[in-house]
$ cat structure.tsv   # TSV, C-alpha atoms
chain	number	residue	atom	x	y	z
A	1	SER	CA	136.35	18.49	122.25
A	2	GLY	CA	139.80	17.95	120.77
A	3	GLY	CA	138.81	15.42	118.12
A	4	PRO	CA	139.49	15.69	114.42
A	5	VAL	CA	137.35	17.97	112.27
A	6	ASP	CA	137.49	15.70	109.21
A	7	PRO	CA	134.12	13.97	109.82
A	8	LEU	CA	132.45	17.35	110.28
A	9	ILE	CA	133.92	18.67	107.05
A	10	ASP	CA	132.76	15.51	105.28
A	11	GLY	CA	129.28	16.33	106.62
A	12	LEU	CA	129.30	19.68	104.80
A	13	ALA	CA	129.17	17.82	101.48
A	14	ARG	CA	126.13	15.79	102.56
A	15	THR	CA	122.92	17.79	102.22
A	16	ARG	CA	121.24	15.92	105.05
A	17	PHE	CA	123.98	16.78	107.55
A	18	ARG	CA	125.22	20.11	106.19
A	19	ALA	CA	123.51	22.47	108.64
A	20	GLN	CA	124.44	20.37	111.64
A	21	ALA	CA	128.06	19.97	110.47
A	22	PHE	CA	128.29	23.72	109.84
A	23	GLY	CA	127.05	24.47	113.36
A	24	TYR	CA	129.47	22.06	114.99
A	25	LEU	CA	132.37	23.40	112.95
A	26	LEU	CA	131.51	26.94	114.03
A	27	GLU	CA	131.69	25.81	117.64
A	28	VAL	CA	135.06	24.11	117.34
A	29	ALA	CA	136.70	26.42	114.78
A	30	PRO	CA	138.39	28.96	117.08
A	31	GLY	CA	141.97	27.79	117.53
A	32	ARG	CA	141.62	25.16	114.80
A	33	ALA	CA	141.91	27.33	111.70
A	34	ALA	CA	145.00	25.50	110.46
A	35	GLN	CA	143.32	22.12	110.91
A	36	ILE	CA	140.25	23.33	109.02
A	37	GLY	CA	142.36	25.11	106.41
A	38	VAL	CA	143.84	21.79	105.28
A	39	HIS	CA	140.45	21.10	103.68
A	40	ILE	CA	140.14	24.47	101.93
A	41	GLN	CA	140.84	22.96	98.49
A	42	ASP	CA	137.83	20.64	98.67
A	43	PRO	CA	136.57	19.83	95.14
A	44	ASP	CA	133.03	20.90	96.13
A	45	ALA	CA	132.61	24.69	95.76
A	46	ARG	CA	129.78	24.67	98.32
A	47	VAL	CA	132.11	23.09	100.90
A	48	ARG	CA	134.81	25.67	100.10
A	49	LEU	CA	132.26	28.47	100.61
A	50	ASP	CA	131.17	26.98	103.92
A	51	LEU	CA	134.77	26.68	105.08
A	52	VAL	CA	135.42	30.32	104.14
A	53	ASP	CA	132.43	31.37	106.25
A	54	ILE	CA	133.49	29.17	109.15
A	55	LEU	CA	137.06	30.51	109.11
A	56	MET	CA	135.80	34.09	108.94
A	57	LEU	CA	133.28	33.64	111.73
A	58	SER	CA	135.88	31.90	113.91
A	59	ARG	CA	137.84	35.17	114.05
A	60	ASP	CA	140.99	33.04	114.11
A	61	GLU	CA	143.70	34.79	112.11
A	62	GLY	CA	145.35	31.40	111.64
A	63	GLY	CA	142.85	30.90	108.82
A	64	VAL	CA	144.31	33.66	106.64
A	65	PRO	CA	146.90	31.47	104.83
A	66	ALA	CA	144.17	29.01	103.81
A	67	LEU	CA	141.87	31.83	102.72
A	68	GLU	CA	144.66	33.41	100.66
A	69	ARG	CA	144.82	30.21	98.60
A	70	LEU	CA	141.16	30.70	97.65
A	71	VAL	CA	141.43	34.29	96.47
A	72	ARG	CA	142.24	32.87	93.02
A	73	ASP	CA	139.61	30.12	93.16
A	74	PRO	CA	138.13	29.32	89.72
A	75	VAL	CA	134.63	29.80	91.19
A	76	ALA	CA	134.15	33.57	91.42
A	77	ASP	CA	131.82	33.37	94.45
A	78	VAL	CA	134.44	31.43	96.39
A	79	ALA	CA	137.22	33.85	95.43
A	80	ARG	CA	135.11	36.90	96.44
A	81	ALA	CA	134.07	35.29	99.73
A	82	ALA	CA	137.71	34.48	100.55
A	83	GLY	CA	138.72	38.09	99.89
A	84	ARG	CA	135.96	39.38	102.16
A	85	ALA	CA	136.90	36.90	104.88
A	86	ILE	CA	140.55	37.98	104.82
A	87	PHE	CA	139.48	41.62	105.06
A	88	ARG	CA	137.27	40.86	108.09
A	89	LEU	CA	139.95	38.86	109.89
$ encode --input "structure.tsv" --output "structure tokens"
Amino acid sequence: SGGPVDPLIDGLARTRFRAQAFGYLLEVAPGRAAQIGVHIQDPDARVRLDLVDILMLSRDEGGVPALERLVRDPVADVARAAGRAIFRL
């Protein structure tokens, strides 16, 4: 589907819908790294971690610029995950 990813990303922040949103985002992520990357500065560290994983698993190199912004994230786990994701892409 070519719809916006915003509602799915919003779902990552909602415990009840997180797993389902994560799964859907994984499905639609390839080719949409830039669209997903817009949300990489989400205030919720858990959402940022999920987005790092989704961008890495998408194998879409278009996600690298967004991931590079997180290498200096104030949350060490997010920064480390972003570094690993860039390395794997």
$ closest_residue --input "structure.tsv" --among "A:Ile36, A:Ile54, A:Ala21, A:Ala45" --to "Pro74 in chain A" --atoms "all atoms listed in the file"
A:Ala45
$ atom_distance --input "structure.tsv" --atom1 "CA of Val38 in chain A" --atom2 "CA of Asp50 in chain A"
13.8 Å
$ atom_distance --input "structure.tsv" --atom1 "CA of Val64 in chain A" --atom2 "CA of Thr15 in chain A"
27.0 Å
$ residues_around --input "structure.tsv" --residues "Val78 in chain A" --least-positions-apart "5" --cutoff "9 Å" --atoms "all atoms listed in the file" --output "MDAnalysis selection string"
chainID A and resid 45:46 48:49 52 70:73 83
$ closest_residue --input "structure.tsv" --among "A:Pro65, A:Phe17, A:Gly23, A:Ala85" --to "Gln35 in chain A" --atoms "all atoms listed in the file"
A:Pro65
$ decode --input "structure.tsv" --residues "range 3-31 of chain A" --atoms "C-alpha atoms" --output "PDB file, in the first residue's frame"
ATOM      1  CA  GLY A   3      -0.417   5.216   2.266  1.00  0.00           C
ATOM      2  CA  PRO A   4       1.334   7.322   4.860  1.00  0.00           C
ATOM      3  CA  VAL A   5       3.354   5.640   7.598  1.00  0.00           C
ATOM      4  CA  ASP A   6       2.485   8.256  10.244  1.00  0.00           C
ATOM      5  CA  PRO A   7      -0.384   6.272  11.851  1.00  0.00           C
ATOM      6  CA  LEU A   8       1.847   3.210  12.086  1.00  0.00           C
ATOM      7  CA  ILE A   9       4.625   5.182  13.735  1.00  0.00           C
ATOM      8  CA  ASP A  10       2.090   6.636  16.171  1.00  0.00           C
ATOM      9  CA  GLY A  11       1.157   3.032  16.982  1.00  0.00           C
ATOM     10  CA  LEU A  12       4.730   2.299  18.108  1.00  0.00           C
ATOM     11  CA  ALA A  13       4.210   4.630  21.076  1.00  0.00           C
ATOM     12  CA  ARG A  14       1.035   2.820  22.148  1.00  0.00           C
ATOM     13  CA  THR A  15       1.812  -0.364  24.059  1.00  0.00           C
ATOM     14  CA  ARG A  16      -1.376  -2.053  22.911  1.00  0.00           C
ATOM     15  CA  PHE A  17      -0.569  -1.576  19.213  1.00  0.00           C
ATOM     16  CA  ARG A  18       3.241  -1.601  19.276  1.00  0.00           C
ATOM     17  CA  ALA A  19       3.867  -5.141  18.014  1.00  0.00           C
ATOM     18  CA  GLN A  20       1.301  -4.842  15.256  1.00  0.00           C
ATOM     19  CA  ALA A  21       2.584  -1.407  14.180  1.00  0.00           C
ATOM     20  CA  PHE A  22       6.164  -2.725  14.178  1.00  0.00           C
ATOM     21  CA  GLY A  23       5.171  -5.645  11.948  1.00  0.00           C
ATOM     22  CA  TYR A  24       3.315  -3.455   9.478  1.00  0.00           C
ATOM     23  CA  LEU A  25       6.181  -0.971   9.343  1.00  0.00           C
ATOM     24  CA  LEU A  26       8.610  -3.799   8.591  1.00  0.00           C
ATOM     25  CA  GLU A  27       6.422  -4.813   5.671  1.00  0.00           C
ATOM     26  CA  VAL A  28       6.180  -1.347   4.161  1.00  0.00           C
ATOM     27  CA  ALA A  29       9.648  -0.020   5.068  1.00  0.00           C
ATOM     28  CA  PRO A  30      11.636  -1.038   1.971  1.00  0.00           C
ATOM     29  CA  GLY A  31      11.672   1.979  -0.324  1.00  0.00           C
TER      30      GLY A  31
END
